[in-house]
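Novice: Hey, dropping input23.pdb in here, PDB, C-alpha atoms:
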```
ATOM      1  CA  MET A   1      -7.359  24.326  -9.984
ATOM      2  CA  PRO A   2      -5.380  24.113 -13.231
ATOM      3  CA  ARG A   3      -4.335  20.695 -14.515
ATOM      4  CA  PHE A   4      -0.653  19.982 -15.083
ATOM      5  CA  HIS A   5       1.005  17.210 -17.058
ATOM      6  CA  PHE A   6       4.578  16.058 -16.525
ATOM      7  CA  ASP A   7       6.212  14.470 -19.584
ATOM      8  CA  ILE A   8       9.558  12.802 -18.977
ATOM      9  CA  HIS A   9      12.577  12.486 -21.242
ATOM     10  CA  GLU A  10      15.304  10.126 -20.062
ATOM     11  CA  ASN A  11      18.303  10.307 -22.386
ATOM     12  CA  GLY A  12      15.816  11.115 -25.137
ATOM     13  CA  ARG A  13      13.419   8.293 -24.205
ATOM     14  CA  PHE A  14       9.984   9.883 -23.971
ATOM     15  CA  ILE A  15       7.429   8.915 -21.320
ATOM     16  CA  PRO A  16       4.241  10.962 -21.710
ATOM     17  CA  ASP A  17       1.956  11.720 -18.765
ATOM     18  CA  GLU A  18      -1.570  10.819 -19.839
ATOM     19  CA  HIS A  19      -3.142  11.438 -16.424
ATOM     20  CA  GLY A  20      -2.076  14.847 -15.178
ATOM     21  CA  GLN A  21      -2.683  16.303 -11.736
ATOM     22  CA  ASP A  22      -4.267  19.408 -10.301
ATOM     23  CA  PHE A  23      -2.143  21.953  -8.451
ATOM     24  CA  VAL A  24      -3.151  25.254  -6.873
ATOM     25  CA  ASN A  25      -0.452  27.136  -8.791
ATOM     26  CA  VAL A  26       2.679  26.843 -10.936
ATOM     27  CA  GLU A  27       4.857  26.730  -7.809
ATOM     28  CA  GLY A  28       3.120  23.527  -6.679
ATOM     29  CA  ALA A  29       3.680  22.009 -10.117
ATOM     30  CA  ARG A  30       7.350  23.103 -10.077
ATOM     31  CA  LYS A  31       7.925  21.273  -6.777
ATOM     32  CA  GLU A  32       6.247  18.147  -8.146
ATOM     33  CA  ALA A  33       8.372  18.304 -11.320
ATOM     34  CA  VAL A  34      11.624  18.670  -9.333
ATOM     35  CA  LEU A  35      10.662  15.827  -6.964
ATOM     36  CA  THR A  36       9.781  13.627  -9.932
ATOM     37  CA  GLY A  37      12.941  14.458 -11.889
ATOM     38  CA  ALA A  38      15.206  14.032  -8.851
ATOM     39  CA  SER A  39      13.708  10.695  -7.854
ATOM     40  CA  ILE A  40      13.864   9.309 -11.406
ATOM     41  CA  ALA A  41      17.431  10.636 -11.731
ATOM     42  CA  ARG A  42      18.455   8.976  -8.457
ATOM     43  CA  ASP A  43      17.580   5.514  -9.827
ATOM     44  CA  ALA A  44      18.650   6.098 -13.430
ATOM     45  CA  PHE A  45      22.018   7.722 -12.584
ATOM     46  CA  VAL A  46      22.953   4.953 -10.159
ATOM     47  CA  ALA A  47      21.873   2.230 -12.597
ATOM     48  CA  GLY A  48      23.712   4.042 -15.387
ATOM     49  CA  SER A  49      20.651   3.880 -17.630
ATOM     50  CA  ALA A  50      20.619   7.657 -18.212
ATOM     51  CA  HIS A  51      22.684  10.772 -17.472
ATOM     52  CA  GLN A  52      19.960  13.314 -18.117
ATOM     53  CA  VAL A  53      16.369  13.531 -16.953
ATOM     54  CA  VAL A  54      14.092  16.241 -18.314
ATOM     55  CA  VAL A  55      10.578  16.965 -17.059
ATOM     56  CA  ASP A  56       8.416  19.012 -19.420
ATOM     57  CA  VAL A  57       5.547  20.584 -17.546
ATOM     58  CA  ARG A  58       2.352  21.444 -19.397
ATOM     59  CA  LYS A  59      -0.351  23.628 -17.849
ATOM     60  CA  GLU A  60      -3.813  23.021 -19.304
ATOM     61  CA  GLY A  61      -2.091  21.394 -22.278
ATOM     62  CA  SER A  62       0.306  24.268 -23.084
ATOM     63  CA  PRO A  63       4.070  24.275 -22.339
ATOM     64  CA  CYS A  64       4.709  25.788 -18.893
ATOM     65  CA  MET A  65       8.301  24.983 -17.863
ATOM     66  CA  THR A  66      11.143  22.513 -18.365
ATOM     67  CA  ILE A  67      13.228  21.048 -15.569
ATOM     68  CA  SER A  68      16.492  19.419 -16.530
ATOM     69  CA  ILE A  69      18.755  17.352 -14.281
ATOM     70  CA  THR A  70      22.132  16.250 -15.653
ATOM     71  CA  LEU A  71      24.788  14.000 -14.163
ATOM     72  CA  ALA A  72      28.360  15.156 -14.616
ATOM     73  CA  VAL A  73      31.141  12.782 -13.582
ATOM     74  CA  GLU A  74      34.616  14.198 -14.092
ATOM     75  CA  PRO A  75      37.568  11.895 -13.515
ATOM     76  CA  ALA A  76      40.345  13.691 -11.635
TER      77      ALA A  76
ATOM     78  CA  MET B   1     -23.256  -8.642   4.253
ATOM     79  CA  THR B   2     -24.312 -10.178   7.567
ATOM     80  CA  GLY B   3     -22.320 -10.274  10.789
ATOM     81  CA  ASP B   4     -21.811 -14.019  10.201
ATOM     82  CA  ALA B   5     -20.150 -13.443   6.838
ATOM     83  CA  ILE B   6     -17.932 -10.813   8.436
ATOM     84  CA  ARG B   7     -16.783 -13.115  11.231
ATOM     85  CA  ALA B   8     -16.169 -15.817   8.592
ATOM     86  CA  ALA B   9     -13.537 -13.611   6.896
ATOM     87  CA  LEU B  10     -11.548 -13.466  10.141
ATOM     88  CA  VAL B  11     -12.045 -17.142  11.004
ATOM     89  CA  ARG B  12     -10.871 -18.182   7.570
ATOM     90  CA  ARG B  13      -7.632 -16.267   7.943
ATOM     91  CA  LEU B  14      -7.033 -17.460  11.530
ATOM     92  CA  ARG B  15      -7.577 -21.100  10.530
ATOM     93  CA  LEU B  16      -4.801 -20.779   7.960
ATOM     94  CA  THR B  17      -2.311 -18.644   9.855
ATOM     95  CA  SER B  18      -2.705 -19.940  13.419
ATOM     96  CA  ASN B  19      -3.507 -23.091  15.395
ATOM     97  CA  ILE B  20      -6.925 -21.800  16.406
ATOM     98  CA  SER B  21      -9.126 -24.325  18.276
ATOM     99  CA  GLU B  22     -12.792 -25.007  17.538
ATOM    100  CA  ASP B  23     -13.730 -23.543  20.955
ATOM    101  CA  ASP B  24     -11.950 -20.303  20.080
ATOM    102  CA  ILE B  25     -13.677 -20.192  16.691
ATOM    103  CA  LYS B  26     -17.017 -20.422  18.544
ATOM    104  CA  GLU B  27     -15.926 -17.459  20.684
ATOM    105  CA  ILE B  28     -15.190 -15.393  17.577
ATOM    106  CA  GLU B  29     -18.413 -16.471  15.907
ATOM    107  CA  ALA B  30     -20.328 -15.212  18.951
ATOM    108  CA  LEU B  31     -18.698 -11.745  18.914
ATOM    109  CA  PRO B  32     -21.115  -8.821  18.647
ATOM    110  CA  ILE B  33     -20.143  -6.880  15.523
ATOM    111  CA  SER B  34     -21.765  -3.799  14.045
ATOM    112  CA  VAL B  35     -21.527  -3.686  10.268
ATOM    113  CA  ARG B  36     -21.021  -0.468   8.316
ATOM    114  CA  GLN B  37     -20.457   0.260   4.643
ATOM    115  CA  PHE B  38     -17.808   2.791   3.649
ATOM    116  CA  PRO B  39     -17.294   4.438   0.252
ATOM    117  CA  ALA B  40     -13.857   4.474  -1.392
ATOM    118  CA  GLU B  41     -11.120   6.760  -0.053
ATOM    119  CA  MET B  42     -12.919   7.520   3.187
ATOM    120  CA  PRO B  43     -11.246   7.805   6.618
ATOM    121  CA  VAL B  44     -12.351   5.064   9.037
ATOM    122  CA  VAL B  45     -10.378   6.334  12.050
ATOM    123  CA  ARG B  46      -8.510   9.631  11.783
ATOM    124  CA  ASP B  47      -5.072  10.524  13.126
ATOM    125  CA  GLY B  48      -5.531  11.896  16.652
ATOM    126  CA  GLU B  49      -8.980  10.356  17.083
ATOM    127  CA  ARG B  50      -9.790   8.312  20.192
ATOM    128  CA  ALA B  51     -10.810   4.850  19.022
ATOM    129  CA  THR B  52     -13.506   2.886  20.844
ATOM    130  CA  ASP B  53     -13.726  -0.075  18.462
ATOM    131  CA  CYS B  54     -11.468  -2.242  16.357
ATOM    132  CA  CYS B  55     -12.401  -2.704  12.757
ATOM    133  CA  LEU B  56     -12.480  -6.014  10.905
ATOM    134  CA  ILE B  57     -12.365  -5.772   7.109
ATOM    135  CA  ALA B  58     -15.036  -8.061   5.655
ATOM    136  CA  ASP B  59     -14.805  -6.789   2.112
ATOM    137  CA  GLY B  60     -12.676  -4.145   0.392
ATOM    138  CA  PHE B  61      -9.156  -2.790   0.713
ATOM    139  CA  CYS B  62      -7.915  -0.294   3.323
ATOM    140  CA  VAL B  63      -4.649   1.532   4.010
ATOM    141  CA  ARG B  64      -2.944   2.952   7.047
ATOM    142  CA  SER B  65      -1.244   6.277   6.370
ATOM    143  CA  LYS B  66       0.268   9.366   7.906
ATOM    144  CA  THR B  67       0.102  12.878   6.459
ATOM    145  CA  ILE B  68       2.834  15.420   7.273
ATOM    146  CA  ALA B  69       2.534  19.206   7.651
ATOM    147  CA  ASN B  70       3.118  19.957   3.942
ATOM    148  CA  GLY B  71       0.167  17.719   3.026
ATOM    149  CA  LYS B  72       2.242  14.801   1.657
ATOM    150  CA  ARG B  73       0.901  11.403   2.651
ATOM    151  CA  GLN B  74       2.871   8.221   3.264
ATOM    152  CA  ILE B  75       0.916   4.978   2.948
ATOM    153  CA  LEU B  76       2.245   2.633   5.645
ATOM    154  CA  SER B  77       0.442  -0.617   4.851
ATOM    155  CA  ILE B  78      -2.316  -2.112   2.731
ATOM    156  CA  HIS B  79      -5.044  -4.217   4.372
ATOM    157  CA  ILE B  80      -7.304  -6.905   2.956
ATOM    158  CA  PRO B  81     -10.428  -8.815   4.047
ATOM    159  CA  GLY B  82     -10.057 -10.879   7.229
ATOM    160  CA  GLU B  83      -7.612  -8.424   8.810
ATOM    161  CA  ILE B  84      -8.096  -6.109  11.808
ATOM    162  CA  PRO B  85      -5.799  -3.211  10.871
ATOM    163  CA  ASP B  86      -6.350  -1.141  14.026
ATOM    164  CA  LEU B  87      -5.957  -3.847  16.652
ATOM    165  CA  MET B  88      -3.330  -1.698  18.377
ATOM    166  CA  SER B  89      -6.000   0.889  19.255
ATOM    167  CA  LEU B  90      -7.170  -1.543  21.941
ATOM    168  CA  PHE B  91      -4.114  -0.495  23.967
ATOM    169  CA  LEU B  92      -2.963   2.703  22.219
ATOM    170  CA  HIS B  93      -6.205   4.623  22.441
ATOM    171  CA  VAL B  94      -5.408   7.789  20.511
ATOM    172  CA  MET B  95      -4.636   7.079  16.847
ATOM    173  CA  ASP B  96      -1.112   8.071  15.723
ATOM    174  CA  HIS B  97      -1.989   7.541  12.054
ATOM    175  CA  GLU B  98      -5.073   7.214   9.889
ATOM    176  CA  LEU B  99      -6.969   4.143   8.713
ATOM    177  CA  SER B 100      -8.932   4.761   5.518
ATOM    178  CA  THR B 101     -10.590   2.792   2.732
ATOM    179  CA  LEU B 102      -9.105   2.411  -0.746
ATOM    180  CA  THR B 103     -12.217   0.835  -2.249
ATOM    181  CA  PRO B 104     -15.860   0.679  -1.120
ATOM    182  CA  SER B 105     -15.609  -1.520   1.965
ATOM    183  CA  THR B 106     -17.739  -3.518   4.373
ATOM    184  CA  LEU B 107     -16.299  -3.131   7.850
ATOM    185  CA  GLY B 108     -17.275  -4.829  11.091
ATOM    186  CA  PHE B 109     -16.708  -2.906  14.317
ATOM    187  CA  ILE B 110     -15.985  -4.771  17.558
ATOM    188  CA  SER B 111     -15.936  -2.653  20.711
ATOM    189  CA  HIS B 112     -12.777  -2.491  22.800
ATOM    190  CA  GLU B 113     -14.801  -3.624  25.802
ATOM    191  CA  THR B 114     -15.923  -6.761  23.947
ATOM    192  CA  LEU B 115     -12.366  -7.554  22.850
ATOM    193  CA  GLN B 116     -10.956  -7.024  26.353
ATOM    194  CA  LYS B 117     -13.507  -9.445  27.800
ATOM    195  CA  LEU B 118     -12.770 -11.942  25.028
ATOM    196  CA  HIS B 119      -9.031 -11.759  25.754
ATOM    197  CA  ARG B 120      -9.596 -12.526  29.433
ATOM    198  CA  ARG B 121     -11.930 -15.402  28.622
ATOM    199  CA  ALA B 122      -9.884 -16.863  25.778
ATOM    200  CA  PRO B 123      -6.155 -16.184  26.278
ATOM    201  CA  ASN B 124      -5.342 -18.171  23.118
ATOM    202  CA  ILE B 125      -7.226 -15.593  21.063
ATOM    203  CA  ALA B 126      -5.387 -12.791  22.879
ATOM    204  CA  GLU B 127      -2.098 -14.457  21.909
ATOM    205  CA  MET B 128      -3.249 -14.825  18.301
ATOM    206  CA  PHE B 129      -4.136 -11.142  18.100
ATOM    207  CA  TRP B 130      -0.863 -10.230  19.791
ATOM    208  CA  ARG B 131       0.926 -12.288  17.114
ATOM    209  CA  ASP B 132      -1.064 -10.415  14.435
ATOM    210  CA  THR B 133       0.174  -7.052  15.700
ATOM    211  CA  LEU B 134       3.755  -8.396  15.773
ATOM    212  CA  ILE B 135       3.412  -9.442  12.130
ATOM    213  CA  ASP B 136       2.116  -5.930  11.388
ATOM    214  CA  ALA B 137       5.330  -4.607  12.929
ATOM    215  CA  ALA B 138       7.388  -7.026  10.800
ATOM    216  CA  MET B 139       5.642  -5.668   7.712
ATOM    217  CA  PHE B 140       6.382  -2.078   8.767
ATOM    218  CA  ARG B 141      10.077  -3.010   9.149
ATOM    219  CA  GLU B 142      10.037  -4.447   5.642
ATOM    220  CA  TRP B 143       8.377  -1.281   4.284
ATOM    221  CA  ILE B 144      11.050   0.915   5.929
ATOM    222  CA  VAL B 145      13.735  -1.176   4.239
ATOM    223  CA  ASN B 146      11.800  -1.017   0.980
ATOM    224  CA  VAL B 147      11.321   2.758   0.901
ATOM    225  CA  GLY B 148      14.746   3.506   2.354
ATOM    226  CA  GLN B 149      16.981   1.209   0.322
ATOM    227  CA  ARG B 150      15.458  -0.199  -2.860
ATOM    228  CA  PRO B 151      15.214   1.545  -6.232
ATOM    229  CA  ALA B 152      11.652   2.428  -7.242
ATOM    230  CA  PRO B 153      10.945  -0.549  -9.579
ATOM    231  CA  SER B 154      12.005  -2.974  -6.815
ATOM    232  CA  ARG B 155       9.891  -1.094  -4.271
ATOM    233  CA  LEU B 156       6.817  -1.545  -6.433
ATOM    234  CA  ALA B 157       7.544  -5.220  -7.125
ATOM    235  CA  HIS B 158       8.073  -5.864  -3.412
ATOM    236  CA  VAL B 159       4.826  -4.212  -2.318
ATOM    237  CA  MET B 160       2.981  -6.093  -5.068
ATOM    238  CA  ILE B 161       4.356  -9.513  -4.118
ATOM    239  CA  GLU B 162       3.642  -8.892  -0.430
ATOM    240  CA  LEU B 163       0.048  -8.052  -1.291
ATOM    241  CA  ARG B 164      -0.235 -11.107  -3.549
ATOM    242  CA  GLU B 165       1.071 -13.513  -0.894
ATOM    243  CA  ARG B 166      -1.430 -12.147   1.633
ATOM    244  CA  LEU B 167      -4.293 -12.282  -0.884
ATOM    245  CA  ARG B 168      -3.321 -15.893  -1.620
ATOM    246  CA  ILE B 169      -4.139 -16.860   1.998
ATOM    247  CA  ILE B 170      -7.720 -15.651   1.554
ATOM    248  CA  GLY B 171      -8.091 -17.246  -1.884
ATOM    249  CA  ARG B 172      -7.991 -13.987  -3.836
ATOM    250  CA  VAL B 173      -5.224 -14.766  -6.367
ATOM    251  CA  ASP B 174      -6.493 -15.880  -9.755
ATOM    252  CA  GLY B 175      -3.591 -17.553 -11.575
ATOM    253  CA  ASP B 176      -1.287 -14.746 -12.711
ATOM    254  CA  HIS B 177      -3.770 -12.032 -11.689
ATOM    255  CA  PHE B 178      -4.542 -10.283  -8.448
ATOM    256  CA  GLU B 179      -6.158  -7.051  -7.319
ATOM    257  CA  MET B 180      -4.220  -3.983  -6.249
ATOM    258  CA  PRO B 181      -6.939  -1.323  -6.378
ATOM    259  CA  MET B 182      -4.698   1.725  -6.175
ATOM    260  CA  THR B 183      -4.259   4.815  -8.315
ATOM    261  CA  GLN B 184      -0.814   5.913  -9.511
ATOM    262  CA  GLU B 185      -0.916   8.619  -6.876
ATOM    263  CA  GLN B 186      -1.631   6.070  -4.114
ATOM    264  CA  ILE B 187       1.125   3.773  -5.407
ATOM    265  CA  GLY B 188       3.467   6.774  -5.271
ATOM    266  CA  GLU B 189       2.394   7.418  -1.676
ATOM    267  CA  ALA B 190       3.190   3.802  -0.750
ATOM    268  CA  LEU B 191       6.609   3.910  -2.429
ATOM    269  CA  GLY B 192       7.684   7.442  -1.439
ATOM    270  CA  ILE B 193       7.743   8.699  -5.040
ATOM    271  CA  THR B 194       5.525  11.032  -7.084
ATOM    272  CA  ALA B 195       2.555   9.783  -9.127
ATOM    273  CA  VAL B 196       4.458  10.592 -12.330
ATOM    274  CA  HIS B 197       7.440   8.527 -11.216
ATOM    275  CA  ALA B 198       5.040   5.687 -10.270
ATOM    276  CA  ASN B 199       3.561   5.886 -13.787
ATOM    277  CA  ARG B 200       7.056   5.669 -15.272
ATOM    278  CA  VAL B 201       7.929   2.621 -13.133
ATOM    279  CA  ILE B 202       4.695   0.828 -14.124
ATOM    280  CA  LYS B 203       5.484   1.467 -17.802
ATOM    281  CA  GLN B 204       9.051   0.243 -17.379
ATOM    282  CA  LEU B 205       7.890  -3.038 -15.810
ATOM    283  CA  ARG B 206       5.483  -3.570 -18.699
ATOM    284  CA  GLN B 207       8.171  -2.778 -21.304
ATOM    285  CA  GLU B 208      10.523  -5.229 -19.611
ATOM    286  CA  GLY B 209       7.832  -7.911 -19.833
ATOM    287  CA  ILE B 210       7.607  -8.347 -16.051
ATOM    288  CA  LEU B 211       4.018  -7.324 -15.328
ATOM    289  CA  GLU B 212       1.021  -5.327 -16.434
ATOM    290  CA  PHE B 213      -0.925  -3.032 -14.148
ATOM    291  CA  HIS B 214      -4.282  -1.932 -15.444
ATOM    292  CA  ARG B 215      -7.258  -0.517 -13.558
ATOM    293  CA  GLY B 216      -6.129  -1.807 -10.188
ATOM    294  CA  ARG B 217      -5.307  -5.299 -11.424
ATOM    295  CA  VAL B 218      -1.849  -6.839 -11.671
ATOM    296  CA  THR B 219      -0.988  -9.477 -14.276
ATOM    297  CA  VAL B 220       2.367 -11.159 -13.794
ATOM    298  CA  LEU B 221       4.074 -11.822 -17.129
ATOM    299  CA  ASP B 222       7.414 -13.179 -15.909
ATOM    300  CA  GLU B 223       7.372 -14.644 -12.411
ATOM    301  CA  ARG B 224      11.130 -15.241 -12.229
ATOM    302  CA  LYS B 225      12.029 -11.638 -13.132
ATOM    303  CA  PHE B 226       9.263 -10.344 -10.833
ATOM    304  CA  LEU B 227      10.677 -12.229  -7.803
ATOM    305  CA  GLU B 228      14.237 -11.241  -8.634
ATOM    306  CA  LEU B 229      13.344  -7.557  -8.962
ATOM    307  CA  ALA B 230      11.355  -7.580  -5.693
ATOM    308  CA  ASP B 231      14.157  -9.173  -3.640
ATOM    309  CA  PHE B 232      11.296 -10.849  -1.776
ATOM    310  CA  ASP B 233      11.622 -13.340   1.092
ATOM    311  CA  ASP B 234       8.240 -14.199   2.626
ATOM    312  CA  ARG B 235       9.754 -15.121   6.013
ATOM    313  CA  TYR B 236       8.684 -11.784   7.541
ATOM    314  CA  LEU B 237       5.009 -12.498   6.847
ATOM    315  CA  HIS B 238       5.059 -15.496   9.238
ATOM    316  CA  GLN B 239       2.051 -16.950   7.441
ATOM    317  CA  SER B 240       2.384 -20.463   8.819
ATOM    318  CA  PRO B 241       1.876 -21.009  12.572
ATOM    319  CA  THR B 242       4.501 -23.780  12.566
ATOM    320  CA  LEU B 243       7.354 -21.547  11.357
TER     321      LEU B 243
END
```
Mind converting the file's structure to structure tokens?

Specialist:
Amino acid sequence: MPRFHFDIHENGRFIPDEHGQDFVNVEGARKEAVLTGASIARDAFVAGSAHQVVVDVRKEGSPCMTISITLAVEPA
Amino acid sequence: MTGDAIRAALVRRLRLTSNISEDDIKEIEALPISVRQFPAEMPVVRDGERATDCCLIADGFCVRSKTIANGKRQILSIHIPGEIPDLMSLFLHVMDHELSTLTPSTLGFISHETLQKLHRRAPNIAEMFWRDTLIDAAMFREWIVNVGQRPAPSRLAHVMIELRERLRIIGRVDGDHFEMPMTQEQIGEALGITAVHANRVIKQLRQEGILEFHRGRVTVLDERKFLELADFDDRYLHQSPTL
């Protein structure tokens, strides 16, 4: 199984993933990246500590995909 | 480890958390126990299995967990030496979740038949074990609240403080340090978040000067902030028999 790493950017703050995890395919890694981004965003958006969470997925060390979650609050 | 040492782990905990009498301690010390060693991350009793024994942890850490259809696992509780994490199997014979080891563990198995006879002979022990299972339920309630309502850093702090207060009873807290032999993935499974999110939370708590987590060991750096973050009230652990 290929090894995937999930590096996080929260409002530009970088949190590298030194461990990585094995997934059967890219689809498995995509789900993990979305779950990770959404759960970090849930806390950070509520706390107001960030309005954007980006998860950079690497497959076997090479860039594989980027998932970006942005909060948009528009006053009426 | 001998059967005597295994019974001692249970007796030690019962002496501290209940009003156990010397006669009842003799009953426990006379219990036939079969000792088995388990490697790390090994199922002890599987979901759906029919249990014939209850298992007393003499050494090591175990977890109860449930795995759903998509393969995701939720850790439900962490168990430490001196505890009998599957006491409910005495009455609920088919397991509705799994008990597995976190670390290499020494487990003592007591047959259901033996425990049933003991309960009839020593109703005080039956009541003590009943109380134990009620405290288990109180911990599950707290974990539901934790996973359902708290943000991830508070979830982690809460689970850590709960573990520390239980380890304290068995003399396993060393100043600001205590063991929590879990991987980031396992911590994620206990908190309902991914391993990567767990890693991020651990780093945040270190950056904020609250605690360090390294190789399954927690070092508390700021007790006041740690308690505040965890929103922890130890009432639900019912550790003193007089409360």

Novice: What do you get, as number ranges by chain, if you spell out every residue that the PyMOL selection byres ((chain A) within 12 of (chain B)) selects here?

Specialist: A: 4-10, 13-22, 28-29, 31-47, 53, 55-57

Novice: For atom CA of Ser111 of chain B and atom CA of Cys54 of chain B, quote the distance in Å rounded to one decimal.

Specialist: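 Here the two named atoms are 6.3 Å from each other.
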
Novice: Identify, on the basis of only C-alpha atoms, every residue whose closest approach to Val26 of chain A does not exceed 9 Å; exclude the query and any residue fewer than 6 positions from it along the same chain; express the result as a list of chain:residue names.

Specialist: A:Pro2, A:Phe4, A:Lys59, A:Cys64

Novice: Would you output that residue set with C-alpha atoms, as a compact mmCIF listing (two decimals), in the coordinates of the input?

Specialist:
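Final output, out35.txt:
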```txt
# COMPACT_ATOMS: atom_id res chain seq x y z
CA PRO A 2 -5.38 24.11 -13.23
CA PHE A 4 -0.65 19.98 -15.08
CA LYS A 59 -0.35 23.63 -17.85
CA CYS A 64 4.71 25.79 -18.89
```

Novice: Which residues fall under the PyMOL selection byres ((chain B and resi 178) around 12) in this file, as a count of residues only?

Specialist: 30

Novice: Segment 36-40 of chain B: which residues within 6 Å, counting all atoms listed in the file, same-chain residues fewer than 2 positions away excluded, as a list in words?

Specialist: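 Residues near the query, excluding close chain neighbours: Met42, Thr101, Leu102, Thr103, Pro104, Ser105, Thr106 and Leu107 of chain B.
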
Novice: Could you check how far atom CA of Pro43 of chain B sits from atom CA of Leu191 of chain B, in Å to one decimal?

Specialist: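 Separation between atom CA of Pro43 of chain B and atom CA of Leu191 of chain B: 20.4 Å.
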
Novice: For the structure shown, which residues end up in the PyMOL selection byres ((chain B and resi 83) around 6)? Put them as a ChimeraX atom specification, please?

Specialist: /B:56-57,81-82,84-85

Novice: Quick one: residues within 10 Å of Glu29 of chain B, only C-alpha atoms, excluding same-chain residues fewer than 6 positions away - as a VMD selection string?

Specialist: chain B and resid 3 to 8 10 to 11 23

Novice: So the first atom is atom CA of Gly61 of chain A and the second is atom CA of Ile202 of chain B; what is the distance between them in Å, to one decimal place?

Specialist: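 Result for atom CA of Gly61 of chain A versus atom CA of Ile202 of chain B: 23.1 Å, one decimal.
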
Novice: Considering only C-alpha atoms, can you say which of B:Leu99, B:Ile33, B:Leu156, B:Val45 comes closest to Arg64 of chain B?

Specialist: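 Of B:Leu99, B:Ile33, B:Leu156, B:Val45, the one nearest Arg64 of chain B is B:Leu99, counting only C-alpha atoms.
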
Novice: Return as JSON the centre and edge lengths, in Å with one decimal, of the box along x, y and z that encloses every atom of segment 11-19 of chain A in the file, padded by 4 Å per side.

Specialist:
```
{"center_x": 7.6, "center_y": 10.0, "center_z": -20.8, "size_x": 29.4, "size_y": 11.4, "size_z": 16.7}
```

Novice: If you keep N, CA and C atoms, can you output segment 10-21 of chain A as a compact mmCIF listing (two decimals), in the first residue's frame?

Specialist:
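Once written, out-v4.txt looks like this:
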```
# COMPACT_ATOMS: atom_id res chain seq x y z
N GLU A 10 -2.88 26.18 8.29
CA GLU A 10 -4.03 26.86 8.90
C GLU A 10 -3.72 28.34 8.87
N ASN A 11 -4.41 29.08 8.01
CA ASN A 11 -4.10 30.50 7.84
C ASN A 11 -2.61 30.70 7.63
N GLY A 12 -1.98 29.82 6.87
CA GLY A 12 -0.56 29.96 6.58
C GLY A 12 0.33 29.27 7.59
N ARG A 13 -0.20 28.93 8.78
CA ARG A 13 0.61 28.20 9.76
C ARG A 13 0.77 26.75 9.28
N PHE A 14 2.01 26.31 9.23
CA PHE A 14 2.31 25.01 8.61
C PHE A 14 2.52 23.93 9.68
N ILE A 15 1.79 22.83 9.56
CA ILE A 15 1.98 21.70 10.47
C ILE A 15 2.28 20.46 9.63
N PRO A 16 3.57 20.10 9.55
CA PRO A 16 3.93 18.96 8.70
C PRO A 16 3.52 17.63 9.33
N ASP A 17 3.27 16.65 8.50
CA ASP A 17 2.95 15.29 8.96
C ASP A 17 4.21 14.45 8.81
N GLU A 18 4.84 14.15 9.93
CA GLU A 18 6.09 13.36 9.87
C GLU A 18 5.80 11.86 9.79
N HIS A 19 4.59 11.46 10.18
CA HIS A 19 4.32 10.02 10.31
C HIS A 19 3.85 9.37 9.01
N GLY A 20 2.77 9.94 8.45
CA GLY A 20 2.19 9.34 7.26
C GLY A 20 1.38 8.10 7.58
N GLN A 21 0.52 7.73 6.64
CA GLN A 21 -0.32 6.54 6.82
C GLN A 21 -0.48 5.83 5.49
```
